[in-house]
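Have a look at model_29.cif below; it lists mmCIF, C-alpha atoms.
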```
data_protein
#
loop_
_atom_site.label_atom_id
_atom_site.label_comp_id
_atom_site.auth_asym_id
_atom_site.auth_seq_id
_atom_site.Cartn_x
_atom_site.Cartn_y
_atom_site.Cartn_z
CA MET V 15 36.18 -119.67 -211.72
CA LEU V 16 36.09 -122.12 -208.83
CA THR V 17 35.83 -125.75 -209.82
CA PRO V 18 33.67 -128.18 -207.82
CA ARG V 19 36.81 -130.10 -206.78
CA ARG V 20 38.52 -126.93 -205.52
CA LEU V 21 35.36 -125.95 -203.72
CA ALA V 22 35.07 -129.32 -202.02
CA ALA V 23 38.70 -129.24 -200.96
CA GLY V 24 38.35 -125.70 -199.73
CA PHE V 25 35.28 -126.49 -197.68
CA ALA V 26 36.90 -129.54 -196.14
CA LEU V 27 40.05 -127.71 -195.19
CA ALA V 28 38.65 -124.36 -194.22
CA PHE V 29 35.39 -125.24 -192.57
CA GLY V 30 34.48 -128.89 -192.77
CA LEU V 31 37.36 -130.26 -190.72
CA ALA V 32 37.26 -127.37 -188.31
CA TYR V 33 33.54 -127.47 -187.72
CA VAL V 34 32.17 -130.87 -188.63
CA GLY V 35 34.96 -133.14 -187.49
CA THR V 36 34.89 -136.47 -189.26
CA ALA V 37 31.85 -135.70 -191.40
CA ALA V 38 34.04 -134.51 -194.26
CA ALA V 39 35.15 -138.11 -194.78
CA TYR V 40 31.76 -138.94 -196.26
CA HIS V 41 31.40 -138.18 -199.93
CA THR V 42 29.34 -139.45 -202.82
CA ARG V 43 29.86 -139.00 -206.53
CA PHE V 44 26.28 -138.13 -207.35
CA VAL V 45 26.97 -134.50 -208.24
CA ALA V 46 30.28 -135.23 -209.96
CA ASP V 47 28.79 -138.02 -212.08
CA ASN V 48 25.38 -136.59 -212.90
CA CYS V 49 25.07 -132.85 -212.53
CA ASN V 50 25.85 -130.01 -214.91
CA TYR V 51 26.29 -126.26 -214.93
CA ALA V 52 24.28 -125.45 -218.04
CA PRO V 53 22.86 -121.93 -218.25
CA SER V 54 19.22 -121.37 -217.41
CA THR V 55 16.62 -120.47 -220.03
CA PRO V 56 14.35 -117.47 -219.52
CA ALA V 57 10.65 -118.35 -219.60
CA SER V 58 7.63 -116.06 -219.87
CA TYR V 59 4.63 -118.30 -219.10
CA ILE V 60 4.89 -120.12 -215.79
CA THR V 61 1.88 -121.20 -213.73
CA ARG V 62 1.58 -122.31 -210.14
CA ASP V 63 0.50 -125.76 -211.37
CA GLY V 64 3.54 -125.90 -213.61
CA SER V 65 5.72 -125.08 -210.64
CA ALA V 66 3.99 -127.80 -208.60
CA ALA V 67 4.80 -130.30 -211.34
CA VAL V 68 8.46 -129.35 -211.07
CA ALA V 69 8.30 -129.80 -207.31
CA LEU V 70 6.68 -133.23 -207.56
CA ARG V 71 9.58 -134.52 -209.62
CA ALA V 72 11.85 -133.92 -206.63
CA ARG V 73 9.81 -136.20 -204.32
CA HIS V 74 11.82 -139.08 -202.83
CA GLU V 75 15.03 -137.72 -204.42
CA GLY V 76 16.91 -136.93 -201.25
CA TYR V 77 18.35 -133.86 -199.58
CA GLN V 78 21.73 -132.17 -199.84
CA TRP V 79 22.83 -129.18 -197.72
CA ALA V 80 23.63 -126.35 -200.17
CA GLY V 81 22.61 -128.71 -202.96
CA GLY V 82 20.40 -128.27 -205.99
CA CYS V 83 20.64 -131.24 -208.36
CA TRP V 84 18.43 -134.29 -208.54
CA ASN V 85 17.15 -136.86 -211.02
CA ASP V 86 13.67 -138.39 -211.19
CA ASN V 87 14.04 -142.05 -210.22
CA ASP V 88 12.09 -141.80 -206.94
CA ARG V 89 14.97 -142.75 -204.69
CA ASP V 90 17.77 -140.96 -202.88
CA ASP V 91 20.92 -141.96 -204.74
CA SER V 92 23.14 -140.73 -201.88
CA PRO V 93 21.38 -141.69 -198.64
CA GLY V 94 22.85 -141.04 -195.22
CA ASP V 95 24.67 -137.77 -195.92
CA PRO V 96 25.94 -136.08 -192.75
CA ARG V 97 23.90 -133.04 -191.71
CA GLU V 98 24.82 -129.51 -192.80
CA ASP V 99 27.87 -130.54 -194.77
CA PRO V 100 27.99 -128.93 -198.23
CA THR V 101 30.90 -131.03 -199.44
CA THR V 102 29.30 -134.47 -199.63
CA GLY V 103 28.17 -134.23 -203.26
CA GLY V 104 24.81 -135.88 -202.71
CA GLU V 105 21.51 -135.83 -204.55
CA GLY V 106 18.80 -133.29 -203.81
CA GLY V 107 18.36 -129.70 -202.79
CA ASP V 108 18.11 -128.21 -199.36
CA CYS V 109 14.95 -126.34 -198.42
CA SER V 110 15.95 -122.98 -199.91
CA GLY V 111 17.68 -124.47 -202.96
CA PHE V 112 14.58 -126.57 -203.67
CA THR V 113 12.38 -123.47 -203.38
CA PHE V 114 14.65 -121.41 -205.64
CA LYS V 115 14.57 -124.04 -208.38
CA VAL V 116 10.86 -124.82 -208.10
CA TRP V 117 10.02 -121.10 -208.16
CA ARG V 118 12.29 -120.83 -211.22
CA GLU V 119 14.15 -117.82 -209.96
CA SER V 120 17.20 -116.02 -211.27
CA LEU V 121 20.68 -115.95 -209.78
CA ASP V 122 20.40 -112.19 -210.12
CA THR V 123 18.32 -111.09 -207.14
CA SER V 124 17.22 -107.94 -209.00
CA ASN V 125 15.64 -110.05 -211.78
CA ALA V 126 12.04 -111.03 -211.07
CA GLY V 127 11.70 -113.07 -214.26
CA PHE V 128 11.36 -116.85 -214.53
CA GLN V 129 14.24 -119.14 -215.39
CA GLN V 130 14.03 -122.77 -216.45
CA TRP V 131 16.60 -124.91 -214.63
CA GLY V 132 17.20 -128.51 -215.64
CA LEU V 133 16.69 -131.15 -212.95
CA LEU V 134 20.36 -132.08 -213.15
CA ARG V 135 21.60 -128.49 -213.22
CA PHE V 136 23.46 -128.02 -209.93
CA VAL V 137 22.16 -124.71 -208.61
CA HIS V 138 21.22 -123.55 -205.15
CA GLY V 139 20.60 -119.87 -205.73
CA PRO V 140 21.39 -116.86 -203.56
CA TYR V 141 18.61 -117.21 -200.99
CA THR V 142 18.66 -118.82 -197.56
CA ALA V 143 15.44 -119.61 -195.73
CA ALA V 144 15.98 -116.45 -193.68
CA ALA V 145 16.33 -114.40 -196.87
CA PHE V 146 13.11 -115.86 -198.28
CA LYS V 147 11.38 -115.18 -194.95
CA ALA V 148 12.36 -111.52 -195.24
CA GLY V 149 11.00 -111.36 -198.79
CA ALA V 150 14.47 -110.67 -200.19
CA GLY V 151 14.95 -110.47 -203.95
CA ALA V 152 12.88 -108.83 -206.68
CA PRO V 153 10.46 -111.75 -207.23
CA ASN V 154 9.65 -112.38 -203.58
CA ILE V 155 7.30 -110.64 -201.17
CA THR V 156 5.99 -111.36 -197.69
CA VAL V 157 2.23 -111.93 -197.41
CA ALA V 158 -0.24 -112.67 -194.64
CA LYS V 159 -0.32 -116.37 -193.84
CA ALA V 160 -4.12 -116.40 -194.18
CA SER V 161 -3.79 -115.45 -197.84
CA LEU V 162 -1.38 -118.21 -198.85
CA VAL V 163 -2.36 -120.34 -201.83
CA LYS V 164 -0.81 -123.23 -203.75
CA MET V 165 2.96 -122.86 -204.23
CA ASP V 166 3.27 -119.95 -201.83
CA ALA V 167 5.71 -120.63 -199.01
CA LEU V 168 5.96 -120.70 -195.25
CA ALA V 169 9.44 -119.69 -194.13
CA SER V 170 11.21 -119.48 -190.78
CA ASP V 171 14.77 -118.41 -190.01
CA ASN V 172 16.03 -121.90 -190.80
CA HIS V 173 13.46 -123.63 -193.02
CA ILE V 174 11.10 -123.04 -195.92
CA GLY V 175 8.38 -125.26 -197.38
CA LEU V 176 5.83 -124.77 -200.17
CA VAL V 177 2.06 -125.03 -199.77
CA TYR V 178 0.89 -127.93 -201.94
CA ALA V 179 -2.65 -128.15 -200.62
CA VAL V 180 -4.71 -127.11 -197.61
CA ASN V 181 -6.30 -129.85 -195.49
CA PRO V 182 -9.91 -129.58 -194.26
CA ASP V 183 -8.67 -129.07 -190.69
CA GLY V 184 -6.66 -126.01 -191.74
CA SER V 185 -3.27 -127.69 -191.71
CA ASP V 186 -1.23 -127.69 -194.90
CA GLN V 187 0.26 -130.30 -197.14
CA ILE V 188 3.75 -128.92 -197.53
CA ILE V 189 6.17 -130.03 -200.21
CA GLU V 190 9.66 -129.43 -198.89
CA ALA V 191 13.25 -130.57 -198.76
CA LYS V 192 13.17 -131.43 -195.09
CA GLY V 193 16.57 -132.85 -194.14
CA GLU V 194 19.07 -135.62 -194.75
CA ALA V 195 17.03 -138.09 -192.70
CA TYR V 196 13.78 -137.26 -194.52
CA GLY V 197 14.62 -136.24 -198.07
CA THR V 198 12.12 -134.30 -200.16
CA ASN V 199 8.41 -135.11 -200.02
CA ILE V 200 4.92 -133.90 -199.05
CA TRP V 201 3.98 -133.88 -195.38
CA THR V 202 1.11 -132.45 -193.37
CA ARG V 203 2.50 -129.54 -191.36
CA THR V 204 1.23 -126.85 -189.01
CA TYR V 205 3.77 -124.21 -190.00
CA ARG V 206 0.94 -121.76 -190.70
CA GLY V 207 0.05 -121.70 -187.02
CA SER V 208 3.62 -121.25 -185.84
CA ALA V 209 4.83 -117.77 -184.92
CA SER V 210 8.25 -118.74 -186.27
CA TYR V 211 6.91 -118.93 -189.81
CA SER V 212 5.96 -116.11 -192.18
CA GLY V 213 4.12 -116.20 -195.49
CA VAL V 214 6.19 -115.65 -198.63
CA ARG V 215 5.05 -115.40 -202.24
CA ARG V 216 6.89 -115.64 -205.51
CA THR V 217 5.24 -113.01 -207.73
CA GLY V 218 4.61 -113.01 -211.47
CA TRP V 219 2.78 -116.30 -212.05
CA SER V 220 0.84 -116.49 -215.29
CA SER V 221 -2.07 -118.18 -213.48
CA MET D 1 56.63 -121.15 -194.05
CA THR D 2 57.24 -118.41 -191.52
CA PRO D 3 54.26 -116.46 -190.22
CA ALA D 4 55.73 -113.38 -191.84
CA GLY D 5 55.30 -115.03 -195.20
CA ARG D 6 51.71 -116.12 -194.73
CA GLY D 7 50.02 -112.75 -195.03
CA PRO D 8 51.35 -112.07 -198.51
CA VAL D 9 50.48 -115.65 -199.49
CA ALA D 10 46.91 -115.15 -198.30
CA LEU D 11 46.76 -111.91 -200.23
CA GLY D 12 48.21 -113.78 -203.18
CA LEU D 13 45.35 -116.31 -203.06
CA VAL D 14 42.90 -113.46 -203.43
CA CYS D 15 44.98 -112.05 -206.26
CA MET D 16 44.99 -115.38 -208.10
CA ALA D 17 41.22 -115.55 -207.87
CA THR D 18 40.66 -111.98 -209.00
CA GLY D 19 43.47 -111.59 -211.48
CA CYS D 20 45.15 -108.73 -209.66
CA LEU D 21 48.59 -110.08 -210.48
CA HIS D 22 47.99 -108.53 -213.87
CA ASP D 23 46.45 -105.30 -212.62
CA SER D 24 47.64 -102.72 -210.19
CA ALA D 25 45.96 -103.11 -206.82
CA PRO D 26 43.38 -100.47 -206.00
CA ALA D 27 44.23 -97.83 -203.45
CA PRO D 28 43.50 -99.03 -199.93
CA PRO D 29 40.32 -97.67 -198.36
CA THR D 30 40.57 -94.40 -196.47
CA MET D 31 37.32 -94.81 -194.58
CA LEU D 32 34.92 -97.36 -193.16
CA SER D 33 31.45 -97.76 -194.60
CA ASP D 34 29.95 -95.21 -192.22
CA GLY D 35 32.35 -92.51 -193.41
CA SER D 36 34.65 -92.60 -190.40
CA GLY D 37 38.38 -92.63 -191.11
CA ALA D 38 40.15 -95.94 -191.65
CA ARG D 39 42.80 -96.48 -188.96
CA PRO D 40 45.54 -99.07 -188.67
CA PRO D 41 45.20 -101.70 -185.94
CA ARG D 42 46.70 -100.95 -182.53
CA VAL D 43 48.60 -104.23 -182.47
CA ALA D 44 51.24 -105.36 -184.95
CA LEU D 45 49.95 -108.59 -186.48
CA ASP D 46 52.47 -111.27 -187.41
CA GLY D 47 52.57 -112.00 -191.12
CA VAL D 48 50.07 -109.32 -192.14
CA ALA D 49 51.72 -107.21 -194.82
CA GLY D 50 50.50 -104.17 -196.70
CA PRO D 51 47.81 -101.64 -195.87
CA THR D 52 45.73 -102.82 -192.94
CA VAL D 53 42.48 -101.34 -191.68
CA ALA D 54 40.96 -101.88 -188.24
CA THR D 55 37.21 -102.43 -188.27
CA ARG D 56 35.07 -101.07 -185.47
CA VAL D 57 33.15 -103.21 -183.01
CA ARG D 58 30.72 -102.36 -180.24
CA ALA D 59 29.20 -104.89 -177.87
CA VAL D 60 26.25 -104.13 -175.61
CA ARG D 61 23.92 -106.26 -173.51
CA SER D 62 20.71 -106.97 -175.36
CA ASN D 63 18.67 -105.05 -172.77
CA ALA D 64 20.87 -101.97 -173.36
CA VAL D 65 20.21 -101.70 -177.10
CA GLU D 66 18.70 -98.28 -177.81
CA ASP D 67 15.05 -98.32 -178.86
CA GLY D 68 14.62 -97.42 -182.51
CA SER D 69 18.24 -98.09 -183.40
CA ALA D 70 19.26 -100.26 -186.32
CA ALA D 71 20.37 -102.92 -183.86
CA ALA D 72 16.95 -102.84 -182.24
CA ARG D 73 15.35 -103.29 -185.65
CA CYS D 74 17.52 -106.34 -186.17
CA LEU D 75 16.56 -107.85 -182.82
CA GLY D 76 12.91 -107.15 -183.53
CA SER D 77 12.98 -109.00 -186.84
CA SER D 78 14.70 -112.17 -185.72
CA GLY D 79 14.92 -114.44 -182.72
CA ARG D 80 15.23 -113.29 -179.12
CA SER D 81 18.67 -112.31 -177.91
CA ALA D 82 20.48 -113.66 -174.87
CA GLY D 83 23.62 -111.81 -173.89
CA LEU D 84 25.78 -109.61 -176.03
CA VAL D 85 24.72 -107.83 -179.19
CA VAL D 86 27.80 -107.26 -181.34
CA GLU D 87 27.67 -104.38 -183.83
CA ARG D 88 30.41 -104.24 -186.45
CA THR D 89 31.34 -101.61 -189.02
CA ASP D 90 33.84 -102.49 -191.71
CA VAL D 91 34.89 -101.23 -195.12
CA HIS D 92 32.06 -102.90 -197.01
CA GLY D 93 29.17 -102.43 -194.61
CA ALA D 94 27.93 -103.26 -191.15
CA SER D 95 26.42 -106.15 -189.24
CA VAL D 96 24.80 -107.12 -185.97
CA THR D 97 25.33 -110.58 -184.45
CA TYR D 98 23.78 -112.04 -181.33
CA LEU D 99 23.16 -115.45 -179.83
CA GLY D 100 19.74 -116.84 -179.03
CA PRO D 101 18.56 -118.31 -175.73
CA GLY D 102 20.62 -121.26 -174.56
CA ARG D 103 23.32 -120.30 -177.08
CA ARG D 104 21.72 -122.74 -179.49
CA ALA D 105 21.61 -120.33 -182.45
CA ALA D 106 23.29 -117.26 -183.86
CA TYR D 107 21.47 -114.46 -185.66
CA ALA D 108 22.82 -111.69 -187.86
CA CYS D 109 21.64 -108.71 -189.85
CA ASP D 110 23.87 -107.34 -192.62
CA ARG D 111 24.06 -104.03 -194.41
CA ALA D 112 26.03 -102.81 -197.43
CA GLY D 113 27.56 -99.34 -197.27
CA ASN D 114 26.06 -96.96 -194.74
CA GLY D 115 22.48 -97.88 -195.55
CA SER D 116 21.54 -94.23 -195.96
CA THR D 117 19.48 -94.84 -199.09
CA ALA D 118 17.56 -97.81 -197.78
CA VAL D 119 14.20 -97.77 -196.05
CA GLU D 120 15.11 -100.86 -194.06
CA PRO D 121 18.43 -100.64 -192.20
CA TRP D 122 19.31 -104.25 -192.98
CA CYS D 123 19.41 -105.93 -196.40
CA GLY D 124 20.59 -109.37 -195.26
CA ARG D 125 19.75 -111.76 -192.44
CA ALA D 126 21.35 -114.96 -191.26
CA PHE D 127 20.56 -117.76 -188.88
CA GLY D 128 23.00 -120.45 -187.78
CA ARG D 129 22.53 -123.43 -185.54
CA LEU D 130 25.14 -123.84 -182.79
CA GLU D 131 26.21 -127.24 -181.55
CA GLN D 132 28.30 -127.22 -178.39
CA GLY D 133 28.66 -123.50 -178.88
CA ARG D 134 30.02 -123.72 -182.40
CA LEU D 135 28.54 -123.14 -185.82
CA ARG D 136 28.23 -126.01 -188.25
CA ASP D 137 28.19 -123.71 -191.28
CA PRO D 138 29.44 -120.12 -191.95
CA ARG D 139 25.95 -119.13 -193.22
CA LEU D 140 26.85 -117.16 -196.28
CA ASP D 141 24.47 -114.35 -197.22
CA LEU D 142 24.66 -112.78 -200.69
CA ILE D 143 21.58 -110.58 -200.66
CA CYS D 144 23.21 -107.19 -199.99
CA ARG D 145 24.62 -105.17 -202.90
CA ASP D 146 27.31 -102.52 -202.89
CA GLU D 147 26.88 -99.07 -204.44
CA ASP D 148 27.82 -100.50 -207.84
CA GLY D 149 25.13 -103.16 -207.57
CA GLU D 150 27.61 -105.96 -207.02
CA PRO D 151 26.77 -108.62 -204.41
CA LEU D 152 28.54 -108.55 -201.08
CA ALA D 153 29.24 -111.70 -199.12
CA PHE D 154 28.75 -111.90 -195.36
CA VAL D 155 29.78 -114.99 -193.37
CA TRP D 156 30.51 -115.93 -189.80
CA VAL D 157 33.96 -117.00 -188.77
CA GLN D 158 34.30 -119.17 -185.68
CA PRO D 159 37.86 -118.41 -184.53
CA ARG D 160 39.97 -120.52 -182.23
CA ARG D 161 39.53 -119.76 -178.54
CA ALA D 162 42.94 -118.08 -178.32
CA ALA D 163 42.18 -115.73 -181.21
CA ALA D 164 41.70 -112.04 -180.48
CA TYR D 165 41.75 -110.86 -184.09
CA VAL D 166 40.47 -112.21 -187.40
CA VAL D 167 42.20 -110.72 -190.43
CA VAL D 168 40.64 -110.86 -193.89
CA ALA D 169 42.91 -110.28 -196.90
CA HIS D 170 41.20 -108.28 -199.62
CA ARG D 171 42.59 -107.11 -202.92
CA GLY D 172 45.21 -104.51 -201.96
CA TYR D 173 44.55 -104.35 -198.22
CA ASN D 174 43.74 -106.32 -195.07
CA GLU D 175 40.86 -105.84 -192.68
CA VAL D 176 41.12 -106.60 -188.96
CA TYR D 177 38.11 -107.74 -186.91
CA PRO D 178 38.44 -107.92 -183.11
CA VAL D 179 36.93 -111.06 -181.56
CA VAL D 180 34.27 -110.46 -178.88
CA GLY D 181 33.81 -113.31 -176.40
CA ALA D 182 32.51 -116.50 -177.97
CA VAL D 183 30.29 -114.71 -180.48
CA PRO D 184 31.06 -115.72 -184.09
CA VAL D 185 32.71 -112.92 -186.08
CA ARG D 186 30.65 -111.62 -189.00
CA ILE D 187 32.97 -110.58 -191.85
CA ALA D 188 32.31 -109.16 -195.30
CA GLY D 189 33.96 -109.49 -198.68
CA ASP D 190 33.41 -109.17 -202.39
CA ASP D 191 35.06 -112.31 -203.78
CA VAL D 192 31.73 -113.75 -204.90
CA ASP D 193 30.89 -116.35 -207.55
CA ILE D 194 27.22 -115.70 -208.29
CA ALA D 195 26.89 -118.68 -210.66
CA SER D 196 27.61 -121.10 -207.83
CA SER D 197 26.25 -118.88 -205.02
CA ARG D 198 29.56 -119.11 -203.21
CA ALA D 199 32.19 -116.77 -201.81
CA THR D 200 35.83 -117.06 -200.82
CA PHE D 201 37.74 -115.43 -197.97
CA ALA D 202 41.48 -115.50 -197.17
CA ILE D 203 41.68 -115.41 -193.37
CA SER D 204 44.28 -115.43 -190.62
CA GLU D 205 43.75 -115.51 -186.88
CA HIS D 206 45.95 -113.81 -184.29
CA ALA D 207 46.33 -113.72 -180.50
CA ALA D 208 45.91 -110.55 -178.45
CA ASP D 209 49.61 -109.75 -178.82
CA GLY D 210 49.38 -110.14 -182.59
CA ARG D 211 50.94 -113.59 -182.65
CA TRP D 212 49.89 -115.62 -185.70
CA LEU D 213 47.70 -118.64 -184.88
CA ARG D 214 46.57 -120.01 -188.23
CA ASP D 215 45.44 -119.02 -191.69
CA TYR D 216 43.09 -120.64 -194.15
CA GLU D 217 40.87 -120.05 -197.15
CA LEU D 218 37.18 -120.13 -196.30
CA GLU D 219 34.94 -121.06 -199.20
CA ALA D 220 31.30 -120.76 -198.24
CA ALA D 221 28.09 -121.71 -200.04
CA VAL D 222 24.57 -120.37 -199.63
CA SER D 223 22.64 -123.10 -197.85
CA GLY D 224 19.53 -123.91 -195.87
#
```
Before we go any further, please render this structure as structure tokens.
Amino acid sequence: MLTPRRLAAGFALAFGLAYVGTAAAYHTRFVADNCNYAPSTPASYITRDGSAAVALRARHEGYQWAGGCWNDNDRDDSPGDPREDPTTGGEGGDCSGFTFKVWRESLDTSNAGFQQWGLLRFVHGPYTAAAFKAGAGAPNITVAKASLVKMDALASDNHIGLVYAVNPDGSDQIIEAKGEAYGTNIWTRTYRGSASYSGVRRTGWSS
Amino acid sequence: MTPAGRGPVALGLVCMATGCLHDSAPAPPTMLSDGSGARPPRVALDGVAGPTVATRVRAVRSNAVEDGSAAARCLGSSGRSAGLVVERTDVHGASVTYLGPGRRAAYACDRAGNGSTAVEPWCGRAFGRLEQGRLRDPRLDLICRDEDGEPLAFVWVQPRRAAAYVVVAHRGYNEVYPVVGAVPVRIAGDDVDIASSRATFAISEHAADGRWLRDYELEAAVSG
């Protein structure tokens, strides 16, 4: 089993230094000091509103490329992470890791059931935004954008955000892990009108 | 360490991760994923020891991709192509990689095995942002499964400019991928840690005459 320290060293040597230059020098201890690798717990009754409640707890908690661990103190405990560097050990998920955890999915892509993940459980999951866009994995399907409802997603090749509410003008309030400079929050977006974005639904909600 | 010693060391890293020091290595593959025979590389590669299989690569201009082909299906499902479309067939599966307009992004479609039982030709897709022509992240994809249902890992390697071959050390054999222009090389492997959504590759890069350039362990995480 790979340890987080080995993984960080491996990234820095094999990819970070080669691709990101000096970015690998930045590192926080948020993940090392706070996160765990506890197993998930299967759950049978999960609603869209329950999923929204999980998502709201991630607001203001930051963003971490390839990340998936955050607390609930309404601040980014590792601000200023370099972009697209998975080694920095910061707080937050990235867009696809946030979606995976909020949709309570399984690491096994053939399992459509729900899994409870603790806030501080470091998990990203097997899906990229492009994989979600394609409807990859047993729980996920592509749907027409006009049919999207609360906690469905709009996904492009490089980003995914969840529909939190629809504005009167037809734009959406999207809850999303947007980037290191923005963190995780709700913003009004026009993804629904963009040809780059497709509708994606996690199936199996209880209501 | 001499280059001649690096290949076995790279293979050893894979063995340490998979425990093959305690098991006999499996027989090397006799065919690529499409059923064609596995052949050795045409060039002797410094430091690469043991059975070695050459993967197949085909590069065509995007406007020359045959309508209705698997490559065309890939182009139709992702961003527009500009330039070469690189089709690769290796032991584990196949992939298509191409760059988008302005060389600002790379796109890939991945397939496990020969895809004969699938309705869609591609099970995995990847997108990577390029900055100054280079990827910031290897863009690991873990969606495809082999015939035993185990996840396969696909990543891009961005070799040094002088590299003509990328060699991946697997358990019991090596796989050689020719480099095509400045297009990132999509490689496949099965050293996957599902719990952390990560995968590890033991890689070496070689010049056109087989000269060793560098080797490293690439550990990639699913991201973005």
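Counting all atoms listed in the file, the residue from D:Arg136, D:Arg88, D:Arg186, D:Arg160 that sits nearest to chain V is D:Arg136.
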Pick from V:Ser210, V:Thr55, V:Gln187, V:Ser65 nearest to chain D, counting all atoms listed in the file
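Of V:Ser210, V:Thr55, V:Gln187, V:Ser65, the one nearest chain D is V:Ser210, counting all atoms listed in the file.
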Spell out the residues picked by the PyMOL selection byres ((chain V and resi 143) around 8) here, as a VMD selection string.
(chain V and resid 109 to 110 141 to 142 144 to 147 169 to 174) or (chain D and resid 224)
Kindly resolve the PyMOL selection byres ((chain D and resi 149) around 12) on the present coordinates and return the residues as a PyMOL selection string.
(chain V and resi 122-124) or (chain D and resi 112-113+142-148+150-152+190)
Set the distance at 10 Å and use only C-alpha atoms: which residues neighbour Gln158 (chain D) once local chain neighbours fewer than 5 positions away are removed? I'd like the list as an NGL selection string.
(:V and (29 or 32-33)) or (:D and (133-138 or 163 or 166 or 179 or 182-186))
With distances taken over only C-alpha atoms, which residue among V:Gly151, V:Gly64, V:Gly94, V:Gly103 lies nearest chain D?
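Using only C-alpha atoms, the shortest distance to chain D belongs to V:Gly151.
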6 Å contacts from chain D to chain V using only C-alpha atoms, as an NGL selection string:
:D and (127 or 136 or 142 or 197 or 216-219 or 223-224)
Can you translate the PyMOL selection byres ((chain D and resi 71) around 10) into the concrete residues it hits in this file, as number ranges by chain?
D: 62, 65-70, 72-76, 85-87, 95-97, 108-109, 121-122
I need the residue nearest Asn125 (chain V) from this list: V:Asn48, V:Asn154, V:Ser208, V:Asn85. Use all atoms listed in the file for the distance.
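Selected residue with least distance to Asn125 (chain V): V:Asn154.
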The centre and edge lengths of an axis-aligned box containing all atoms of region 126-142 of chain D present in the file, extended by 5 Å on each side, are to be given in Å to one decimal, as lines of an AutoDock Vina configuration file.
```
center_x = 25.3
center_y = -120.0
center_z = -189.5
size_x = 19.5
size_y = 24.5
size_z = 32.3
```
May I ask for the distance between CA of Gln129 (chain V) and CA of Ser54 (chain V), given in Å to one decimal place?
5.8 Å
Hey, which of V:Gly175, V:Asp63, V:Gly197, V:Val180 ends up closest to Trp84 (chain V)? Count only C-alpha atoms.
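Nearest to Trp84 (chain V): V:Gly197.
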May I have the residues within 8 Å of Thr204 (chain V) as a JSON list (two decimals) with C-alpha atoms, in the frame of the given file, using all atoms listed in the file and disregarding those fewer than 3 positions away in the same chain?
```json
[["chain", "number", "residue", "atom", "x", "y", "z"],
["V", 185, "SER", "CA", -3.27, -127.69, -191.71],
["V", 186, "ASP", "CA", -1.23, -127.69, -194.90],
["V", 207, "GLY", "CA", 0.05, -121.70, -187.02],
["V", 208, "SER", "CA", 3.62, -121.25, -185.84]]
```
Quick one: everything within 12 Å of Glu205 (chain D), counting all atoms listed in the file, minus sequence neighbours fewer than 3 positions away in the same chain. Send it as a PyMOL selection string.
chain D and resi 3+6-7+10+45-48+157-169+175-179+185+202+208-217
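One finds CA of Gly104 (chain V) at 18.2 Å from CA of Ala69 (chain V).
All protein, DNA and RNA residues at most 7 Å from (8.1, -117.0, -217.9) are Pro56, Ala57, Ser58, Tyr59, Ile60, Gly127, Phe128 and Gln129 of chain V, using all atoms listed in the file.
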Would you work out the distance separating CA of Arg139 (chain D) from CA of Thr200 (chain D), expressed in Å to one decimal?
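Between CA of Arg139 (chain D) and CA of Thr200 (chain D) the gap is 12.6 Å.
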